[in-house]
Structure formats: structure tokens, C-alpha cells
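Student: protein.csv is the file, holding CSV, C-alpha atoms:
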chain,number,residue,atom,x,y,z
B,1,MET,CA,131.5,90.6,117.7
B,2,THR,CA,134.9,90.0,116.1
B,3,MET,CA,137.7,92.4,115.2
B,4,GLY,CA,139.5,90.2,112.6
B,5,PHE,CA,136.7,90.2,110.0
B,6,GLN,CA,137.7,91.7,106.7
B,7,PRO,CA,134.7,93.1,104.8
B,8,ASP,CA,134.5,93.1,101.1
B,9,TYR,CA,131.5,94.8,99.5
B,10,HIS,CA,132.0,92.9,96.3
B,11,ASN,CA,130.1,90.0,98.0
B,12,ILE,CA,126.9,92.0,98.1
B,13,ALA,CA,127.5,93.6,94.7
B,14,ASP,CA,127.9,90.1,93.2
B,15,ALA,CA,124.9,88.7,94.9
B,16,ALA,CA,122.8,91.7,93.7
B,17,VAL,CA,123.6,90.9,90.1
B,18,ASN,CA,122.9,87.2,90.7
B,19,LYS,CA,126.5,86.1,90.7
B,20,LYS,CA,127.5,83.6,93.4
B,21,PRO,CA,129.7,85.6,95.8
B,22,ALA,CA,133.0,84.4,97.2
B,23,ARG,CA,131.4,84.6,100.7
B,24,ILE,CA,127.7,84.5,101.4
B,25,PRO,CA,126.9,88.0,102.7
B,26,LEU,CA,124.8,89.1,105.6
B,27,TYR,CA,122.2,91.7,104.7
B,28,GLU,CA,119.6,93.7,106.6
B,29,HIS,CA,117.2,96.3,105.2
B,30,ILE,CA,117.0,98.2,108.4
B,31,ILE,CA,118.4,97.6,111.9
B,32,SER,CA,116.9,99.9,114.6
B,33,ASP,CA,119.3,102.1,116.5
B,34,GLU,CA,117.9,100.6,119.7
B,35,VAL,CA,119.0,97.1,118.7
B,36,ILE,CA,122.4,98.4,117.7
B,37,GLU,CA,122.8,100.2,121.0
B,38,LYS,CA,122.0,97.0,122.9
B,39,VAL,CA,124.5,95.0,120.9
B,40,ILE,CA,127.5,97.4,121.1
B,41,ARG,CA,126.5,98.6,124.7
B,42,GLU,CA,127.2,102.2,123.8
B,43,ASP,CA,124.9,105.2,123.3
B,44,VAL,CA,123.6,105.5,119.7
B,45,THR,CA,120.1,106.9,120.0
B,46,GLY,CA,121.1,110.0,121.9
B,47,LEU,CA,124.0,111.1,119.7
B,48,LEU,CA,122.0,112.8,117.0
B,49,ALA,CA,120.8,115.4,119.5
B,50,LYS,CA,124.4,116.5,120.2
B,51,GLY,CA,125.1,118.5,117.1
B,52,THR,CA,127.7,117.9,114.5
B,53,ALA,CA,130.1,116.2,116.8
B,54,GLY,CA,127.3,113.9,118.1
B,55,LYS,CA,126.3,113.0,114.5
B,56,ARG,CA,129.9,112.2,113.7
B,57,ASP,CA,130.1,109.8,116.6
B,58,TYR,CA,126.8,108.3,115.5
B,59,PHE,CA,128.2,107.4,112.1
B,60,LYS,CA,131.4,106.1,113.6
B,61,ARG,CA,129.5,103.7,115.9
B,62,TYR,CA,126.9,102.9,113.2
B,63,THR,CA,129.4,101.8,110.6
B,64,ARG,CA,131.6,100.1,113.1
B,65,PHE,CA,128.6,98.0,114.2
B,66,PHE,CA,128.1,96.6,110.7
B,67,ARG,CA,131.8,95.8,110.3
B,68,GLU,CA,132.1,94.0,113.7
B,69,MET,CA,128.9,92.0,113.1
B,70,GLY,CA,130.3,90.6,109.9
B,71,TYR,CA,128.5,92.6,107.2
B,72,ASP,CA,130.2,93.6,104.0
B,73,THR,CA,128.0,96.7,103.5
B,74,VAL,CA,126.4,99.4,105.7
B,75,SER,CA,122.6,99.7,105.1
B,76,PHE,CA,121.7,103.4,105.1
B,77,GLU,CA,118.9,105.4,103.6
B,78,GLN,CA,117.1,108.7,104.3
B,79,CYS,CA,113.4,108.5,103.4
B,80,ILE,CA,111.8,111.0,101.0
B,81,THR,CA,108.6,110.9,103.1
B,82,LYS,CA,110.4,112.7,105.9
B,83,ILE,CA,110.4,116.0,104.0
B,84,LEU,CA,107.0,115.9,102.4
B,85,PRO,CA,104.9,119.0,103.4
B,86,GLY,CA,101.6,117.8,104.8
B,87,GLY,CA,102.6,114.2,104.4
B,88,GLY,CA,102.1,111.4,107.0
B,89,ALA,CA,99.1,109.5,105.7
B,90,LEU,CA,101.3,106.4,105.3
B,91,TYR,CA,103.0,106.1,108.7
B,92,SER,CA,100.8,108.2,111.0
B,93,HIS,CA,97.4,108.1,109.3
B,94,ALA,CA,97.4,111.9,108.9
B,95,ASP,CA,94.7,113.4,106.7
B,96,PRO,CA,95.8,113.2,103.0
B,97,VAL,CA,97.3,116.4,101.7
B,98,ILE,CA,96.4,115.5,98.1
B,99,LYS,CA,92.8,114.8,97.4
B,100,THR,CA,91.9,116.7,94.3
B,101,LYS,CA,93.4,118.0,91.0
B,102,GLU,CA,93.7,121.4,92.6
B,103,ASP,CA,95.8,119.9,95.5
B,104,ILE,CA,98.2,118.2,93.1
B,105,GLU,CA,98.6,121.4,91.1
B,106,SER,CA,99.3,123.6,94.1
B,107,TYR,CA,101.7,121.1,95.8
B,108,PRO,CA,105.3,122.4,96.0
B,109,TRP,CA,106.9,119.7,93.9
B,110,GLY,CA,109.6,121.8,92.6
B,111,GLY,CA,111.1,122.7,95.9
B,112,LEU,CA,111.2,119.2,97.3
B,113,PRO,CA,114.6,118.0,95.9
B,114,ASP,CA,116.3,121.1,97.5
B,115,LEU,CA,114.5,120.4,100.8
B,116,TYR,CA,115.6,116.7,100.7
B,117,PHE,CA,119.3,117.6,100.2
B,118,ASN,CA,119.3,120.5,102.6
B,119,GLU,CA,118.2,117.9,105.2
B,120,PHE,CA,120.2,114.8,104.3
B,121,ASP,CA,123.1,115.6,102.0
B,122,GLY,CA,125.4,116.0,105.0
B,123,ASP,CA,124.4,112.6,106.3
B,124,PHE,CA,125.4,110.8,103.1
B,125,SER,CA,128.7,112.7,103.1
B,126,MET,CA,129.4,111.9,106.7
B,127,LEU,CA,128.6,108.2,106.1
B,128,ALA,CA,131.2,108.2,103.3
B,129,GLU,CA,133.8,109.7,105.5
B,130,GLU,CA,133.3,107.1,108.2
B,131,MET,CA,133.0,104.1,106.0
B,132,PRO,CA,135.3,101.3,107.1
B,133,GLU,CA,137.8,99.9,104.7
B,134,GLY,CA,136.5,97.3,102.3
B,135,MET,CA,132.9,98.4,102.8
B,136,ARG,CA,130.4,100.4,100.8
B,137,ALA,CA,126.8,101.3,101.5
B,138,ILE,CA,123.5,99.8,100.3
B,139,GLY,CA,120.4,102.0,100.2
B,140,GLY,CA,119.9,105.6,99.1
B,141,PRO,CA,116.8,107.8,99.1
B,142,GLY,CA,114.3,105.7,100.9
B,143,ASN,CA,110.6,105.0,100.0
B,144,GLY,CA,109.3,103.7,96.7
B,145,LEU,CA,106.7,105.1,94.3
B,146,PHE,CA,103.7,103.5,96.0
B,147,GLU,CA,104.8,104.4,99.5
B,148,ILE,CA,105.2,108.1,98.7
B,149,ALA,CA,101.9,108.2,96.9
B,150,GLN,CA,100.3,106.7,100.0
B,151,ASP,CA,102.0,109.2,102.3
B,152,LEU,CA,100.4,112.0,100.3
B,153,CYS,CA,97.0,110.5,99.5
B,154,GLY,CA,96.4,107.7,101.9
B,155,TYR,CA,95.8,104.1,100.7
B,156,GLU,CA,92.1,104.3,100.9
B,157,LEU,CA,91.8,107.5,99.0
B,158,LEU,CA,94.1,106.1,96.3
B,159,CYS,CA,91.7,103.2,95.9
B,160,TYR,CA,88.8,105.6,95.5
B,161,MET,CA,90.7,107.7,93.0
B,162,ALA,CA,91.3,104.6,90.9
B,163,ALA,CA,87.6,104.2,90.5
B,164,ASP,CA,86.4,107.8,90.6
B,165,ASP,CA,89.1,109.8,88.9
B,166,PRO,CA,91.5,107.5,87.0
B,167,GLY,CA,93.3,110.5,85.5
B,168,LEU,CA,94.1,112.0,88.9
B,169,TYR,CA,95.2,108.5,90.1
B,170,ARG,CA,97.7,108.2,87.3
B,171,GLU,CA,98.8,111.8,87.7
B,172,VAL,CA,99.7,111.2,91.4
B,173,PHE,CA,102.1,108.4,90.4
B,174,SER,CA,103.5,110.4,87.6
B,175,ARG,CA,104.3,113.4,89.8
B,176,VAL,CA,105.8,111.2,92.5
B,177,ALA,CA,108.0,109.4,89.9
B,178,GLY,CA,109.2,112.8,88.6
B,179,LEU,CA,110.2,113.8,92.1
B,180,MET,CA,112.0,110.5,92.7
B,181,LEU,CA,113.9,110.7,89.4
B,182,GLU,CA,115.2,114.2,90.3
B,183,ILE,CA,116.2,113.2,93.9
B,184,TRP,CA,117.9,110.0,92.7
B,185,ARG,CA,119.7,111.9,89.9
B,186,ARG,CA,121.2,114.3,92.4
B,187,PHE,CA,122.0,111.6,94.9
B,188,LEU,CA,123.8,109.5,92.3
B,189,ASP,CA,125.7,112.5,90.9
B,190,LYS,CA,127.2,113.1,94.4
B,191,HIS,CA,127.1,109.9,96.3
B,192,ALA,CA,127.2,107.0,93.9
B,193,ASP,CA,130.8,106.1,94.9
B,194,THR,CA,129.7,105.5,98.5
B,195,TYR,CA,127.1,102.9,97.4
B,196,CYS,CA,127.6,99.5,95.8
B,197,VAL,CA,123.9,98.7,95.5
B,198,CYS,CA,121.0,101.0,95.4
B,199,ARG,CA,117.5,100.2,96.7
B,200,PHE,CA,114.2,101.5,97.9
B,201,GLY,CA,111.4,99.8,99.8
B,202,ASP,CA,107.9,99.7,98.2
B,203,ASP,CA,105.6,97.3,99.9
B,204,LEU,CA,103.3,96.3,97.0
B,205,GLY,CA,101.6,93.4,98.7
B,206,PHE,CA,100.2,91.8,101.8
B,207,ARG,CA,99.8,88.2,102.9
B,208,SER,CA,97.5,87.0,100.1
B,209,GLN,CA,97.9,89.4,97.1
B,210,THR,CA,99.0,92.8,95.9
B,211,LEU,CA,97.6,95.9,97.6
B,212,LEU,CA,96.7,97.5,94.2
B,213,PRO,CA,95.3,95.5,91.3
B,214,ALA,CA,98.1,93.7,89.6
B,215,ALA,CA,97.0,95.3,86.3
B,216,ASP,CA,97.5,98.7,87.8
B,217,ILE,CA,101.0,97.9,89.0
B,218,ARG,CA,101.9,96.5,85.6
B,219,GLU,CA,100.3,99.4,83.6
B,220,ILE,CA,100.9,102.4,85.8
B,221,LEU,CA,103.7,101.8,88.4
B,222,ILE,CA,106.1,99.5,86.5
B,223,PRO,CA,106.8,101.9,83.6
B,224,HIS,CA,107.9,104.5,86.3
B,225,TYR,CA,109.9,101.7,88.0
B,226,GLN,CA,111.6,101.1,84.7
B,227,ARG,CA,112.7,104.7,84.4
B,228,LEU,CA,114.0,104.8,88.0
B,229,VAL,CA,115.9,101.5,87.8
B,230,ALA,CA,117.4,102.5,84.4
B,231,GLN,CA,118.7,105.7,86.1
B,232,VAL,CA,120.4,103.6,88.7
B,233,HIS,CA,121.9,101.3,86.1
B,234,GLU,CA,123.3,104.3,84.2
B,235,TYR,CA,125.6,104.8,87.2
B,236,GLY,CA,126.7,101.2,87.1
B,237,LYS,CA,124.8,100.2,90.2
B,238,PRO,CA,122.5,97.1,90.6
B,239,PHE,CA,119.0,97.8,92.0
B,240,LEU,CA,117.5,95.9,94.9
B,241,LEU,CA,113.8,96.1,95.5
B,242,HIS,CA,112.5,95.6,99.0
B,243,SER,CA,108.8,94.6,98.9
B,244,CYS,CA,106.7,92.8,101.4
B,245,GLY,CA,103.7,90.7,100.5
B,246,ALA,CA,102.6,88.1,98.0
B,247,ILE,CA,103.6,89.9,94.8
B,248,PHE,CA,104.1,86.9,92.6
B,249,ASP,CA,101.5,88.2,90.1
B,250,VAL,CA,103.9,91.1,89.2
B,251,MET,CA,107.3,89.5,89.7
B,252,ASP,CA,107.8,88.7,86.0
B,253,GLU,CA,107.2,92.3,85.1
B,254,LEU,CA,109.4,93.7,87.9
B,255,ILE,CA,112.2,91.5,86.6
B,256,GLY,CA,111.6,91.6,82.8
B,257,VAL,CA,110.3,95.1,82.4
B,258,ALA,CA,111.3,97.2,85.4
B,259,GLY,CA,114.7,95.5,85.4
B,260,ILE,CA,115.3,94.9,89.1
B,261,ASN,CA,118.5,92.9,89.8
B,262,ALA,CA,117.6,91.6,93.3
B,263,LYS,CA,114.6,91.3,95.6
B,264,HIS,CA,114.4,91.3,99.4
B,265,SER,CA,111.6,90.4,101.9
B,266,ASN,CA,110.0,87.1,102.6
B,267,GLU,CA,107.5,85.8,105.2
B,268,ASP,CA,107.0,82.1,105.8
B,269,ALA,CA,103.2,82.6,106.0
B,270,ILE,CA,103.4,83.7,102.3
B,271,ALA,CA,106.2,81.5,101.0
B,272,PRO,CA,109.5,80.3,102.5
B,273,PHE,CA,112.7,81.7,101.2
B,274,SER,CA,113.3,78.5,99.1
B,275,THR,CA,110.2,79.3,97.1
B,276,TRP,CA,111.5,82.7,96.0
B,277,VAL,CA,114.9,81.2,95.3
B,278,GLY,CA,113.3,78.4,93.3
B,279,ARG,CA,111.1,80.6,91.2
B,280,TYR,CA,113.5,83.5,90.6
B,281,GLY,CA,117.0,82.4,91.5
B,282,SER,CA,117.9,81.9,87.8
B,283,LYS,CA,117.0,85.6,87.1
B,284,ILE,CA,117.7,87.8,90.1
B,285,GLY,CA,119.5,87.8,93.4
B,286,ASN,CA,117.5,86.9,96.5
B,287,PHE,CA,118.1,88.5,99.9
B,288,GLY,CA,116.6,87.6,103.3
B,289,GLY,CA,115.5,84.2,104.3
B,290,ILE,CA,114.9,84.3,108.0
B,291,ASP,CA,111.3,85.1,109.0
B,292,THR,CA,111.4,88.0,111.4
B,293,ASP,CA,108.7,86.4,113.5
B,294,VAL,CA,111.1,83.5,114.2
B,295,LEU,CA,113.5,85.9,115.7
B,296,CYS,CA,110.8,87.3,117.9
B,297,SER,CA,109.0,84.2,119.1
B,298,ARG,CA,111.6,81.3,119.3
B,299,THR,CA,114.4,80.4,121.6
B,300,VAL,CA,118.0,80.9,120.7
B,301,ALA,CA,118.4,77.1,120.1
B,302,GLU,CA,115.3,77.1,117.9
B,303,ILE,CA,116.6,80.1,115.9
B,304,GLU,CA,120.0,78.5,115.4
B,305,LYS,CA,118.3,75.3,114.1
B,306,TYR,CA,116.0,77.3,111.8
B,307,VAL,CA,118.7,79.5,110.4
B,308,THR,CA,121.0,76.5,109.7
B,309,ALA,CA,118.2,74.7,107.8
B,310,VAL,CA,117.5,77.8,105.6
B,311,PHE,CA,121.2,78.4,105.0
B,312,GLU,CA,121.9,74.8,104.1
B,313,GLU,CA,118.8,74.6,101.8
B,314,ASN,CA,119.7,77.7,99.8
B,315,ALA,CA,123.4,78.7,100.2
B,316,ALA,CA,124.8,76.1,97.8
B,317,LYS,CA,122.6,77.0,95.0
B,318,ASP,CA,123.9,79.0,92.0
B,319,GLY,CA,123.2,82.7,91.8
B,320,GLY,CA,123.1,85.5,94.3
B,321,ILE,CA,122.1,84.9,97.9
B,322,ALA,CA,122.4,87.1,100.9
B,323,PHE,CA,121.1,86.1,104.3
B,324,GLY,CA,119.4,88.1,107.1
B,325,SER,CA,115.9,88.7,108.3
B,326,GLY,CA,113.1,88.5,105.7
B,327,ASN,CA,112.0,92.0,106.7
B,328,SER,CA,114.0,94.1,109.1
B,329,ILE,CA,115.2,94.3,112.7
B,330,PRO,CA,112.8,96.8,114.4
B,331,ASP,CA,113.2,97.7,118.1
B,332,TYR,CA,110.9,94.9,119.3
B,333,VAL,CA,113.1,92.1,118.0
B,334,PRO,CA,114.9,90.6,121.0
B,335,VAL,CA,118.6,91.3,120.7
B,336,GLU,CA,119.3,87.7,121.6
B,337,GLY,CA,117.3,86.4,118.6
B,338,TYR,CA,119.0,88.8,116.2
B,339,VAL,CA,122.5,88.0,117.4
B,340,ALA,CA,121.7,84.2,117.3
B,341,MET,CA,120.8,84.6,113.6
B,342,VAL,CA,123.9,86.6,112.7
B,343,ASN,CA,126.3,84.3,114.7
B,344,THR,CA,124.7,81.2,113.2
B,345,VAL,CA,125.3,82.5,109.6
B,346,ARG,CA,128.8,83.4,110.5
B,347,ASN,CA,129.6,80.0,112.0
B,348,LEU,CA,128.2,78.4,108.9
B,349,ARG,CA,130.6,80.6,106.9
B,350,ARG,CA,133.4,79.1,109.1
B,351,GLU,CA,134.1,82.3,110.9
B,352,ARG,CA,135.1,82.4,114.5
B,353,VAL,CA,132.6,84.5,116.5
For this file, produce the structure as C-alpha cells.
Tutor:
Amino acid sequence: MTMGFQPDYHNIADAAVNKKPARIPLYEHIISDEVIEKVIREDVTGLLAKGTAGKRDYFKRYTRFFREMGYDTVSFEQCITKILPGGGALYSHADPVIKTKEDIESYPWGGLPDLYFNEFDGDFSMLAEEMPEGMRAIGGPGNGLFEIAQDLCGYELLCYMAADDPGLYREVFSRVAGLMLEIWRRFLDKHADTYCVCRFGDDLGFRSQTLLPAADIREILIPHYQRLVAQVHEYGKPFLLHSCGAIFDVMDELIGVAGINAKHSNEDAIAPFSTWVGRYGSKIGNFGGIDTDVLCSRTVAEIEKYVTAVFEENAAKDGGIAFGSGNSIPDYVPVEGYVAMVNTVRNLRRERV
């Protein structure tokens, strides 16, 4: 880590609107607290159990980590799925809480925005108070439309709904979109100045295709995306979509109809980063580049060689580019692999690390 680095959030903001930044920025969707703790060699994971003072120390160390590692922004979100009564079908395979029309009508939609902000408003405020000079945040209320619908209904049940009760299937997405619009409105009203780019993650695909029929994504999900992205744009913020998978069949609509400004997530088994840049680099910013599997499975020397090749192939191109993992840095990523990626990018930026 270096103390002399001067962050400038305009680099990420420019890349997100597909403008070539003055300095190619680093970007991560999520970095686990366990990895951060190993890098800075200080307690992080235990601080949140120590009350307000512990949480304050958490944000001090969390934001300092991003600055000292050479990031221009702090990635931070709080997921909507964390406050959903009866939720959990997405992450923990809990029994779906919404299965029928009666379930959707009785679900406490109206109280959820208050529940979300009672839980997380203080975190967003504390983040702002501890933000290093020259930095802004990137993120917001986490989870996208499809993820929240899955957390309430489960993926399998959603697929059955699509065939057995198309009206209920559409209603689920409509109700979730309404919830997201209200949470995002309140978030932007209070915390927009803390953020330079807004985003949510909505994994629409897997290795070979989209998880829902492309026609359903175009006809049902993307009109709601359009409303959500337009709301972010009203506050003068670009919108970054994180989505895993082979979603090429709906990319034109995500760009041209929904209005996303940038896209993150790539896996070499689907397509290398250069494919995404080649296809969409004239239209949107492209974030990521380094397959997370490479960070897990290769030596430091191999990672340095791989990162150098991806950087040199893409960094000189016009438009917005930000480098980091193609997915995220969960706790199973070896810290040596993560640090090798970051230091290689910083060396290629002619920084002393």
C-alpha cells in the first residue's frame, strides 16, 4: 500500500459515462471484509459487533483500505434482501414466501422502505462522514429486480409462475420494482452527494444464456429497469449494471432501452473482457477484466502476466474502462492473488507500490 496516492473519483465517473479517464481506475464490485482484514492486518470483521464506536472504526478502516490500495472510489451497498420478511430463497434456499396471489396481496410492501432505512440509513451517513478526500462512493441499495424477486419466490417457482400464472409472474416484478423505486428515491434524496456512480447487481445469466427467456427480460424486466435507471439519471448519476452470465441476447435493450451507462462482470469461459469492450465499448463503459478464477488458481507471476496482457489489450482503447476482477473478491480469493492484480495495474499506471 502507498500513502502518496491521490484519489480522484472523476476517473470512475468518466469511465462510467464511457469517457476515457485521465487515469485508468481500479474497481471492485465487492471485496470481502476478510480479505480487507488480511491486507491491512487490522481487525475489520469484529468491529461491527462493538456498537457505534466499533462501526465508526469499521468505516474508517474500510474507506482507508480503498484509498491506500489505489482506488478512486469506495464500493459500498446495503442489500434490500437483508430486510425482506420471509425472504431468503435466493441466498439460503429458504421456502418461498410469495407463492400465490394471496401471498403477494398480504405481503407488507408498504412498510419495507422504512424498514430499510431504519436499518441502513446510519451506515450511508457514516460512510459519507469517513470518506477520504477526493473520493466518492459507488453502489447504493443493493440487489436488482430479478434477485429480489428470486429472494421472495425462488428461481424455480418463478419459472413455474411464468407458465402457470403469467399475471402473477408479471405482478411480482411490478411490486418489486415499485419497492425499489421508493427505496432508491429516498436514498438519492439523502445520499446522492456521497455517490458518484449508482449501481445494483442483477445476475441475469449463467455460462451459456440468460436465466429467464430473453423475451421475458425484454418485455417484463427492462421496462422496470428503464424507470429505475431514469430515476438515477434524474439525480445526475450514471448507472452501472453488474450482471454475471452470457447476457448478449439482451445487451442491446439494456443499453438502448433501459439506458445503462456501464456494465460490470465477465468470465473468460463466457467471453474475455476484450469481447465485451469490442462489442459495447463504443456505447457504454466496461468494468472488470480479470477473471476471478485466475486470482484463485494461478501463481503471482502468472497473475501479473495475465493482468498485464488484459490491461495492454484494452486500456489504450477509447471510451470508459475500469480494471479489477470480473466478478468480486470473496473470502476464498487468496490475498496474494488479489494484491498481485492490484499492484500490477498500479505499476502499469506508473505508480510506485
Student: Excluding segment 162-174 of chain B and its own-chain neighbours fewer than 6 positions away, which residues fall within 9 Å of it when counting all atoms listed in the file? Please give them as a PyMOL selection string.
Tutor: chain B and resi 98+100-101+104+145-146+148-149+152-153+220-221+224
Student: Neighbours of Pro330 of chain B within 9 Å (all atoms listed in the file; same-chain residues fewer than 2 positions away dropped), as a VMD selection string?
Tutor: chain B and resid 30 to 35 328 332 to 333
Student: Nearest to Phe239 of chain B among B:Arg186, B:Arg61, B:His264, B:Arg218, with distances taken over all atoms listed in the file: which residue is it?
Tutor: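 Of all the options, B:His264 lies closest to Phe239 of chain B.
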Student: So that I can check the surroundings of Ile40 of chain B, please list as a ChimeraX atom specification every protein, DNA and RNA residue that reaches within 12 Å of it, counting all atoms listed in the file and ignoring chain neighbours fewer than 6 positions away.
Tutor: /B:1-2,33-34,61-69,335,339
Student: Calculate how many Å separate atom CA of Gly144 of chain B from atom CA of Val44 of chain B, rounding to one decimal.
Tutor: 27.1 Å
Student: In terms of the shortest atom-to-atom distance over all atoms listed in the file, which of B:Pro25, B:Gly289, B:Pro213, B:Gly140 is closest to Cys159 of chain B?
Tutor: B:Pro213
Student: Could you rebuild segment 113-132 of chain B with N, CA, C and O atoms and give it back as a tab-separated table (two decimals), keeping the file's coordinate frame?
Tutor:
chain	number	residue	atom	x	y	z
B	113	PRO	N	113.23	118.55	95.99
B	113	PRO	CA	114.60	118.00	95.90
B	113	PRO	C	115.57	118.88	96.77
B	113	PRO	O	116.41	118.33	97.49
B	114	ASP	N	115.46	120.22	96.70
B	114	ASP	CA	116.30	121.10	97.50
B	114	ASP	C	116.07	120.80	99.01
B	114	ASP	O	117.01	120.74	99.82
B	115	LEU	N	114.81	120.64	99.37
B	115	LEU	CA	114.50	120.40	100.80
B	115	LEU	C	115.09	119.06	101.22
B	115	LEU	O	115.63	118.97	102.33
B	116	TYR	N	115.04	118.05	100.36
B	116	TYR	CA	115.60	116.70	100.70
B	116	TYR	C	117.12	116.86	100.93
B	116	TYR	O	117.64	116.36	101.95
B	117	PHE	N	117.81	117.53	100.03
B	117	PHE	CA	119.30	117.60	100.20
B	117	PHE	C	119.75	118.56	101.21
B	117	PHE	O	120.80	118.35	101.82
B	118	ASN	N	118.98	119.59	101.47
B	118	ASN	CA	119.30	120.50	102.60
B	118	ASN	C	119.26	119.69	103.90
B	118	ASN	O	120.04	119.94	104.82
B	119	GLU	N	118.35	118.73	103.97
B	119	GLU	CA	118.20	117.90	105.20
B	119	GLU	C	119.18	116.80	105.30
B	119	GLU	O	119.69	116.51	106.39
B	120	PHE	N	119.49	116.12	104.18
B	120	PHE	CA	120.20	114.80	104.30
B	120	PHE	C	121.52	114.74	103.55
B	120	PHE	O	122.22	113.74	103.72
B	121	ASP	N	121.89	115.72	102.77
B	121	ASP	CA	123.10	115.60	102.00
B	121	ASP	C	124.33	115.42	102.96
B	121	ASP	O	125.23	114.62	102.68
B	122	GLY	N	124.33	116.14	104.07
B	122	GLY	CA	125.40	116.00	105.00
B	122	GLY	C	125.52	114.62	105.62
B	122	GLY	O	126.62	114.14	105.92
B	123	ASP	N	124.37	113.94	105.80
B	123	ASP	CA	124.40	112.60	106.30
B	123	ASP	C	125.07	111.62	105.38
B	123	ASP	O	125.89	110.78	105.80
B	124	PHE	N	124.73	111.73	104.10
B	124	PHE	CA	125.40	110.80	103.10
B	124	PHE	C	126.87	111.11	103.04
B	124	PHE	O	127.67	110.18	102.90
B	125	SER	N	127.27	112.38	103.14
B	125	SER	CA	128.70	112.70	103.10
B	125	SER	C	129.42	112.19	104.32
B	125	SER	O	130.53	111.64	104.22
B	126	MET	N	128.81	112.35	105.47
B	126	MET	CA	129.40	111.90	106.70
B	126	MET	C	129.54	110.35	106.72
B	126	MET	O	130.53	109.78	107.20
B	127	LEU	N	128.53	109.68	106.20
B	127	LEU	CA	128.60	108.20	106.10
B	127	LEU	C	129.80	107.81	105.26
B	127	LEU	O	130.54	106.89	105.64
B	128	ALA	N	130.02	108.49	104.14
B	128	ALA	CA	131.20	108.20	103.30
B	128	ALA	C	132.49	108.37	104.03
B	128	ALA	O	133.43	107.56	103.92
B	129	GLU	N	132.56	109.43	104.81
B	129	GLU	CA	133.80	109.70	105.50
B	129	GLU	C	134.10	108.72	106.62
B	129	GLU	O	135.27	108.50	106.95
B	130	GLU	N	133.07	108.09	107.15
B	130	GLU	CA	133.30	107.10	108.20
B	130	GLU	C	133.18	105.67	107.78
B	130	GLU	O	133.17	104.77	108.62
B	131	MET	N	133.12	105.45	106.47
B	131	MET	CA	133.00	104.10	106.00
B	131	MET	C	134.23	103.25	106.23
B	131	MET	O	135.33	103.65	105.84
B	132	PRO	N	134.10	102.10	106.87
B	132	PRO	CA	135.30	101.30	107.10
B	132	PRO	C	135.88	100.74	105.81
B	132	PRO	O	135.20	100.59	104.79
